[in-house]
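Below is one structure, written out as structure tokens; comments come after it.
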Amino acid sequence: MEELKQRIQEEGIIISDQLLKLDSILNHQVYPDLVMRIGKEFAKRFRENGISRVLTLESSGISIAFAVALELGVPLVFARRKKTLTTDADAYCERVPSFTKGIVTDIVVSKSFIHPNDRILIIDDIIANGDAVRGLIRIIQQSQAELVGLGVVIEKSFQAGGRTIREMGVPIESIVKIASLDNGQITFG
Ligand code: G4P
Ligand code: NA
Ligand code: NA
């Protein structure tokens, strides 16, 4: 999507060779028309897969995942982050480290919202090391639902997340890949 690359070039702020601030398009503000076009693109790529639910993680994944779920005509489930682990027999829970934030969080999905016969599409905004997505994958495994694939808006391909998840045999569709943030430049590919 050339449009998205252009927005990233115009509005992304390079914080370091690892981190690109995208508050104005993904993490603090969203453009609904752009989000809807991204949702349509994912829906096109996954439409033939018999998806019954879209799964994401709060908070920044929700807008994109909403657009995808709307296009596919299925419910959206967003895993919630819990700061304190209160054991809940009615929920799937996985512990996830965050490289960027330097903290560990527990992500939780009620057993009411993923069923063993579900075919799940995971949607996320940015994949870096992939810890959050691997947490979602473990939740799907616990539920015995089928993971159909993963759609990510931006894959930072210089970090290991996308590769390690492909190696698990999960089909991944990335709208945009960022190969490098070196030398104060955003390099796609
Ligand atoms: P991982 O999930 O791929 O392992 O990534 P990591 O732990 O490194 O990332 C933690 C959070 O930081 C994630 O958001 C992830 O999307 C975000 N992130 C990682 N690299 C970048 C980057 O270069 N730019 C931006 N803008 N975000 C990045 P999150 O914890 O799910 O938070 P939220 O945005 O949903 O609140
Ligand atoms: Na994020
Ligand atoms: Na996210």
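Order determines the names: the first chain of the structure tokens is A, the second B, and so forth; residues in each chain are numbered 1 upward, and ligands are numbered 1 upward as they are shown.
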Expected selection as a PyMOL selection string for ligand 2 within 7 Å, only C-alpha atoms and all ligand atoms = chain A and resi 27+60-61+125-126
Distance query Ile122 (chain A) at most 6 Å, only C-alpha atoms, self and fewer than 5 positions along chain excluded, as number ranges by chain = A: 54-56, 150
Give me the residues within 8 Å of Asp118 (chain A) as a count of residues only, counting only C-alpha atoms and dropping any in the same chain fewer than 2 places off.
-> 9
What lies within 12 Å of Thr100 (chain A) using only C-alpha atoms, ignoring chain neighbours under 4 positions off, as an NGL selection string?
-> :A and (15-16 or 18-21 or 96 or 104 or 126-132)
Please save C-alpha atoms of the selected residues as a short mmCIF file (atom, residue, chain, number, x, y, z; two decimals), in the first residue's frame.
data_model
loop_
_atom_site.label_atom_id
_atom_site.label_comp_id
_atom_site.auth_asym_id
_atom_site.auth_seq_id
_atom_site.Cartn_x
_atom_site.Cartn_y
_atom_site.Cartn_z
CA ILE A 15 13.29 7.65 17.88
CA SER A 16 16.26 5.31 17.44
CA GLN A 18 14.95 0.33 16.64
CA LEU A 19 11.90 2.50 17.25
CA LEU A 20 9.59 4.53 15.02
CA LYS A 21 7.02 6.73 16.71
CA VAL A 96 4.06 -11.56 27.76
CA VAL A 104 5.79 -8.03 31.70
CA ILE A 126 3.22 -3.41 14.63
CA ILE A 127 5.32 -6.52 15.04
CA ALA A 128 8.77 -6.17 16.54
CA ASN A 129 9.98 -9.14 18.54
CA GLY A 130 6.62 -10.82 18.34
CA ASP A 131 6.18 -11.50 22.03
CA ALA A 132 2.65 -10.18 22.12
#
Secondary structure check, strand (DSSP E) residues of region 25-108 of chain A, as a list in words |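 Matching residues for strand (DSSP E) in region 25-108 of chain A are Arg53, Val54, Leu55, Thr56, Leu57, Leu76, Val77, Phe78, Ala79, Arg80, Arg81, Lys82, Ala91, Tyr92, Cys93, Glu94, Arg95, Val96, Pro97, Ser98, Ile103, Val104, Thr105, Asp106, Ile107 and Val108 of chain A.
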Residues of region 10-65 of chain A that approach region 164-182 of chain A to 12 Å or less, counting only C-alpha atoms: could you list each one with the shortest pair of atoms and its distance in Å to one decimal, rows by chain and increasing residue number, as JSON lines?
{"residue": "A:Gly12", "atom": "CA", "partner": "A:Leu181", "partner_atom": "CA", "distance": 10.8}
{"residue": "A:Ile13", "atom": "CA", "partner": "A:Leu181", "partner_atom": "CA", "distance": 10.3}
{"residue": "A:Ile14", "atom": "CA", "partner": "A:Leu181", "partner_atom": "CA", "distance": 7.2}
{"residue": "A:Ile15", "atom": "CA", "partner": "A:Leu181", "partner_atom": "CA", "distance": 9.1}
{"residue": "A:Ser16", "atom": "CA", "partner": "A:Leu181", "partner_atom": "CA", "distance": 7.4}
{"residue": "A:Asp17", "atom": "CA", "partner": "A:Leu181", "partner_atom": "CA", "distance": 4.7}
{"residue": "A:Gln18", "atom": "CA", "partner": "A:Leu181", "partner_atom": "CA", "distance": 6.5}
{"residue": "A:Leu19", "atom": "CA", "partner": "A:Leu181", "partner_atom": "CA", "distance": 7.6}
{"residue": "A:Leu20", "atom": "CA", "partner": "A:Leu181", "partner_atom": "CA", "distance": 7.7}
{"residue": "A:Lys21", "atom": "CA", "partner": "A:Leu181", "partner_atom": "CA", "distance": 11.3}
{"residue": "A:Val35", "atom": "CA", "partner": "A:Ile175", "partner_atom": "CA", "distance": 11.9}
{"residue": "A:Arg37", "atom": "CA", "partner": "A:Ile175", "partner_atom": "CA", "distance": 11.0}
{"residue": "A:Ile38", "atom": "CA", "partner": "A:Ile175", "partner_atom": "CA", "distance": 7.9}
{"residue": "A:Gly39", "atom": "CA", "partner": "A:Ile175", "partner_atom": "CA", "distance": 10.3}
{"residue": "A:Lys40", "atom": "CA", "partner": "A:Ile175", "partner_atom": "CA", "distance": 11.3}
{"residue": "A:Glu41", "atom": "CA", "partner": "A:Ile175", "partner_atom": "CA", "distance": 8.1}
{"residue": "A:Phe42", "atom": "CA", "partner": "A:Glu173", "partner_atom": "CA", "distance": 7.8}
{"residue": "A:Ala43", "atom": "CA", "partner": "A:Glu173", "partner_atom": "CA", "distance": 10.9}
{"residue": "A:Lys44", "atom": "CA", "partner": "A:Glu173", "partner_atom": "CA", "distance": 11.0}
{"residue": "A:Arg45", "atom": "CA", "partner": "A:Glu173", "partner_atom": "CA", "distance": 7.7}
{"residue": "A:Phe46", "atom": "CA", "partner": "A:Glu173", "partner_atom": "CA", "distance": 8.9}
{"residue": "A:Asn49", "atom": "CA", "partner": "A:Pro171", "partner_atom": "CA", "distance": 11.3}
{"residue": "A:Ile64", "atom": "CA", "partner": "A:Ile175", "partner_atom": "CA", "distance": 11.7}
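Taking only C-alpha atoms into account, Asp88 (chain A) lies nearest to A:Lys111 out of the set A:Leu147, A:Lys156, A:Gln185, A:Lys111.
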Can you write out as JSON lines which residues of region 80-127 of chain A fall within 7 Å of region 133-141 of chain A, alongside each residue's closest atom pair and its distance in Å to one decimal, counting only C-alpha atoms and ordering rows by chain and ascending residue number?
{"residue": "A:Tyr92", "atom": "CA", "partner": "A:Ile139", "partner_atom": "CA", "distance": 6.0}
{"residue": "A:Cys93", "atom": "CA", "partner": "A:Ile139", "partner_atom": "CA", "distance": 6.8}
{"residue": "A:Glu94", "atom": "CA", "partner": "A:Gly135", "partner_atom": "CA", "distance": 5.8}
{"residue": "A:Arg95", "atom": "CA", "partner": "A:Gly135", "partner_atom": "CA", "distance": 6.9}
{"residue": "A:Val96", "atom": "CA", "partner": "A:Gly135", "partner_atom": "CA", "distance": 6.0}
Taking into account only C-alpha atoms, which residue in the set A:Leu22, A:Arg119, A:Ala65, A:Asp124 is nearest to Val77 (chain A)?
->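 Ranking A:Leu22, A:Arg119, A:Ala65, A:Asp124 by distance to Val77 (chain A), first place goes to A:Ala65.
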Please, which residues of region 2-162 of chain A, numbered as in this document, come out alpha helix (DSSP H) from DSSP, as a PyMOL selection string?
-> chain A and resi 2-11+32-46+61-72+131-143+161-162
Store the residues of this selection in a file with C-alpha atoms, as a CSV table (one decimal), in the first residue's frame.
chain,number,residue,atom,x,y,z
A,2,GLU,CA,1.8,3.1,-1.3
A,3,GLU,CA,-0.6,5.3,0.6
A,4,LEU,CA,0.5,3.8,3.9
A,5,LYS,CA,4.2,4.0,3.1
A,6,GLN,CA,3.7,7.7,2.3
A,7,ARG,CA,1.9,8.4,5.6
A,8,ILE,CA,4.7,6.6,7.5
A,9,GLN,CA,7.4,8.6,5.7
A,10,GLU,CA,5.5,11.9,6.4
A,11,GLU,CA,4.3,11.3,9.9
A,32,PRO,CA,-10.7,6.2,10.0
A,33,ASP,CA,-10.6,6.3,6.2
A,34,LEU,CA,-7.0,4.9,6.1
A,35,VAL,CA,-7.9,2.3,8.8
A,36,MET,CA,-10.9,1.2,6.7
A,37,ARG,CA,-8.7,0.8,3.5
A,38,ILE,CA,-6.2,-1.2,5.5
A,39,GLY,CA,-9.1,-3.3,6.9
A,40,LYS,CA,-10.3,-3.9,3.3
A,41,GLU,CA,-6.8,-5.0,2.2
A,42,PHE,CA,-6.6,-7.6,5.0
A,43,ALA,CA,-10.1,-8.8,4.3
A,44,LYS,CA,-9.2,-9.3,0.6
A,45,ARG,CA,-6.1,-11.3,1.6
A,46,PHE,CA,-7.9,-13.6,4.1
A,61,GLY,CA,-4.6,-3.2,17.5
A,62,ILE,CA,-8.2,-2.6,18.0
A,63,SER,CA,-9.0,0.0,15.3
A,64,ILE,CA,-7.4,-2.0,12.5
A,65,ALA,CA,-8.9,-5.3,13.8
A,66,PHE,CA,-12.3,-3.6,14.0
A,67,ALA,CA,-12.0,-2.6,10.3
A,68,VAL,CA,-11.0,-6.2,9.3
A,69,ALA,CA,-13.8,-7.8,11.3
A,70,LEU,CA,-16.3,-5.4,9.9
A,71,GLU,CA,-15.2,-6.3,6.3
A,72,LEU,CA,-15.3,-10.0,7.1
A,131,ASP,CA,6.2,-11.5,22.0
A,132,ALA,CA,2.6,-10.2,22.1
A,133,VAL,CA,1.6,-12.2,19.1
A,134,ARG,CA,3.2,-15.3,20.4
A,135,GLY,CA,1.1,-14.8,23.6
A,136,LEU,CA,-2.0,-14.6,21.5
A,137,ILE,CA,-1.0,-17.8,19.6
A,138,ARG,CA,-0.6,-19.6,22.9
A,139,ILE,CA,-4.1,-18.5,24.0
A,140,ILE,CA,-5.5,-19.9,20.7
A,141,GLN,CA,-3.6,-23.1,21.3
A,142,GLN,CA,-5.1,-23.3,24.8
A,143,SER,CA,-8.6,-22.8,23.3
A,161,GLY,CA,9.1,-11.4,15.4
A,162,GLY,CA,7.8,-12.0,11.8
Of A:Glu58, A:Asp90, A:Glu48, A:Asp23, the one sitting nearest Ile107 (chain A) when using only C-alpha atoms is A:Glu58
Suppose you want the space between CA of Ile123 (chain A) and atom 23 (O, counted along the ligand's line) of ligand 1; what is it in Å?
->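 Interatomic distance here is 16.7 Å.
Distance check against ligand 1 using only C-alpha atoms and all ligand atoms: of A:Ser98, A:Ser24, A:Asn183, A:Ser112, the minimum falls on A:Ser98.
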